[in-house]
Amino acid sequence: MYDNGTNQSLLRYASYGRGVWESPFDNLRAYSAQIVLNGDSTITCANPTVQFADGSLGLTNTPVTYAWSFPGGSPATSSAAQQNVTYTTTGTYSISLTITDALSNISTKTITKYIQVIPCATDTVPGNALNMNGTSNYAKGTIVPLGTTNTITLSAWINIPSTQPSFAGIIFSSSGSATGLNFRNSNQIGYHFNGSSSTYNYSGGPTIPMNQWVHVALVTTATNATIYVNGVPYVNNVSNPAISFTGAFNIGNDRNNTSRTMTGKIDEICIYNRSLSQAEIRELMHLTKNHLTTDPNLKAYYQCNETGTIVYDRVGTANATLIGTSTHLASSAQVGSGNSERQTITTNGLKTFANEGINLTFGAGTLPNGEVCVTRLNLQPDALPIGITTANGASKYWIINNYGANSTFTSLVNFTATGFGNITAPEASTPNIFKLYRRNTGAYDYPSWSLLDSASSATSGANGVLTFTGTGNNAFTKQFTISKSTIPANFTITATAGSNGTISPSGAVSVANGSNQTFTITPNACYQIAGVLVDGVSVGTVSTYTFNNVVSNHTISVTFSPNYTITSSTGANGLISPLGASTVTCGSNQTYTITPNFCNQISNVVVDGVSVGAVSSYTFSNVSASHTISATFSAIVPCNTDTIPGNAIRVLGTSNYAVAPPIPLGTTNTDLQCMDKD
């Protein structure tokens with residue numbers, strides 16, 4: 001017999017000439033340490049104590065000793081078979097049990113991250129959401145102390161992946177008079193109040209889109225009910241009698257009817273015993289509740305951030321319990337601590353949202369023409385844009401919802417973040433390391449972000465300022481986040497030249513951050529510079545260009561032309577021919593004739609800025625560059641009658657004669673001059 005005290009023990013038999021035979025057998029001394037938790041693995045200050053017990057299997061050799069380890073708990077260790085442990089500090093903790101039997105056999109069981117201790121105060125982050133798996137899987141609540149009232153508000157964030165069953169509950173009474181938010185056919189949002197047909201037959205609500213986060217709310221008064229979807233109201237004007245709310249609310253289910261269970265995620269469930277205003281719905285929907293101020297009318301608040309089967313009420317004792325296979329999953333809902341503010345935008349100019357750290361400058365043109373609500377959340381979004389790490393991202397992001405008549409408007413002149421956070425002087429000198437990204441309000445995960453703009457200017461300081469020109473920023477109901485990348489040591493200027501000339505240096509030129517770089521442009525013989533583009537914008541036909549204080553990548557490109565231009569011009573009282581800009585082929589000649597008006601003479605002719613005298617003709621020979629030529633004239637004083645016979649007027653008959661202007665009496669006619677005419 002081979003007996004090592006475990007289930008690897010063997011029975012062996014051997015005989016001469018017959019070989020060896022063996023067979024394993026169960027050793028009754030073998031066992032496995034097991035831990036039993038009597039309670040929920042998520043602990044709050046309202047329920048700080050849980051009980052652990054030994055559940056080991058296969059123990060036969062008693063007596064047995066126990067060695068428990070409870071990191072973060074009180075007591076931290078125990079030698080009892082069963083032990084109550086109290087946790088007071090938030091965190092996640094492991095449990096370990098080691099058992100030794102009478103034969104000194106040892107078995108150890110360790111469960112890592114077994115106990116989650118959450119704070120009593122409400123969380124400031126999205127944390128987790130409930131994941132409802134459909135039929136028979138939801139959260140069953142307990143009584144919420146609403147009293148007798150017809151003024152309630154139910155709200156939540158939901159994300160559905162598929163078409164929901166008709167009348168599937170979102171937040172709905174668990175028994176008694178039917179009251180709550182639910183779906184109608186084809187994902188249309190609906191509601192019940194006290195089981196009245198005038199409420200459950202209401203079909204004025206919109207269809208809830210799939211695969212995105214949507215905020216829904218039901219607000220009732222004595223005279224109407226309003227369903228809000230992302231802050232947009234849909235009103236049913238019907239009277240509502242006061243109800244004595246003595247039952248509980250289910251989350252994701254209508255009155256324990258398994259066929260009326262939603263599928264999808266739900267988060268941030270709020271139940272009030274008052275009617276929230278439209279302004280409150282819009283300002284509060286992205287904010288976690290009860291931080292700076294406490295609302296005594298918030299009677300139940302489920303943040304769903306636990307990991308166990310209990311869904312804790314963060315403002316009371318109306319805890320809910322997960323039924324079936326519903327679970328907690330990480331939430332990507334757009335909620336957190338922060339600030340919100342509304343303004344009505346019907347005029348252009350600067351609109352300041354000081355507490356949210358955003359300034360919006362609207363130009364002339366189309367405006368939102370209605371209410372705009374800006375929310376700042378003091379945390380990272382669920383996912384940053386592709387290629388951006390948490391270390392390089394802003395520690396906050398913004399959500400701007402547009403409730404105006406115009407969903408799109410003329411692009412903003414400026415989008416300025418006045419409260420980005422610390423910006424160093426080197427970062428401020430390189431503003432394009434800050435990028436502005438945008439995605440739709442209900443979107444989540446990193447692929448939904450799109451790059452909108454790079455900062456055009458930055459101001460350093462502990463609470464630095466970033467300005468974006470707003471190019472393309474012509475719509476809200478969006479999320480905005482700002483990333484910050486590392487300042488590069490070098491930037492690249494890409495220089496290219498067309499045929500028949502060169503640029504120096506050329507290609508990808510590495511330039512140290514903040515330094516200058518000059519480029520020289522040289523055309524080949526018989527060619528000239530036709531144009532120079534810097535970052536796609538013309539800078540003329542310059543032969544050199546310098547990039548000063550380089551803090552970003554650039555491009556410079558040049559083209560050349562085989563022809564030259566000679567530009568001629570004159571002052572008053574004379575002509576130059578040809579006049580204006582003339583195109584001249586390389587190597588050819590071009591002659592210019594200068595002619596003064598009567599009683600004027602050529603004063604000066606200037607070629608390429610240099611006087612060539614009072615010449616009446618000038619020839620550019622073998623042209624190999626562009627030139628200029630200009631002529632000026634001066635009057636001949638006095639301009640008298642001739643003293644010699646000279647020419648006469650020859651009159652050839654009918655209708656052929658000379659006409660002089662009127663001549664006053666006593667005045668000599670000096671205006672009529674004669675020239676030879678045949």
# chains A, B, ... in the order shown; residues from 1 in each chain; ligands from 1

call {"tool": "residues_around", "arguments": {"residues": "Tyr138 (chain A)", "least_positions_apart": "5", "cutoff": "8 Å", "atoms": "only C-alpha atoms", "output": "list in words"}}
result
Met132, Asn133, Asn250, Ile251, Gly252, Asn253, Thr261, Leu322, Ile323, Gly324 and Ser326 of chain A

call {"tool": "residues_around", "arguments": {"residues": "Ala495 (chain A)", "least_positions_apart": "6", "cutoff": "10 Å", "atoms": "only C-alpha atoms", "output": "number ranges by chain"}}
result
A: 502-509, 519, 534, 554-558

call {"tool": "select_by_dssp", "arguments": {"residues": "region 219-375 of chain A", "states": "strand (DSSP E or B)", "output": "JSON, numbers by chain"}}
result
{"A": [219, 220, 225, 226, 227, 228, 229, 232, 233, 234, 235, 236, 243, 244, 245, 248, 249, 250, 251, 253, 254, 257, 258, 259, 260, 261, 263, 264, 265, 266, 267, 268, 269, 270, 271, 272, 287, 298, 299, 300, 301, 302, 310, 311, 313, 320, 321, 322, 323, 327, 328, 329, 330, 336, 338, 339, 340, 341, 342, 343, 344, 345, 349, 350, 351, 352, 353, 358, 359, 360, 361, 362, 370, 371, 372, 373, 374, 375]}

call {"tool": "residues_around", "arguments": {"residues": "Asp101 (chain A)", "least_positions_apart": "2", "cutoff": "6 Å", "atoms": "only C-alpha atoms", "output": "number ranges by chain"}}
result
A: 61-62, 64, 103-105

call {"tool": "closest_residue", "arguments": {"among": "A:Ser340, A:Thr467, A:Thr430, A:Ser603", "to": "Asn513 (chain A)", "atoms": "only C-alpha atoms"}}
result
A:Thr430

call {"tool": "closest_residue", "arguments": {"among": "A:Ile271, A:Ile433, A:Val465, A:Ala67", "to": "Ser485 (chain A)", "atoms": "only C-alpha atoms"}}
result
A:Ile433
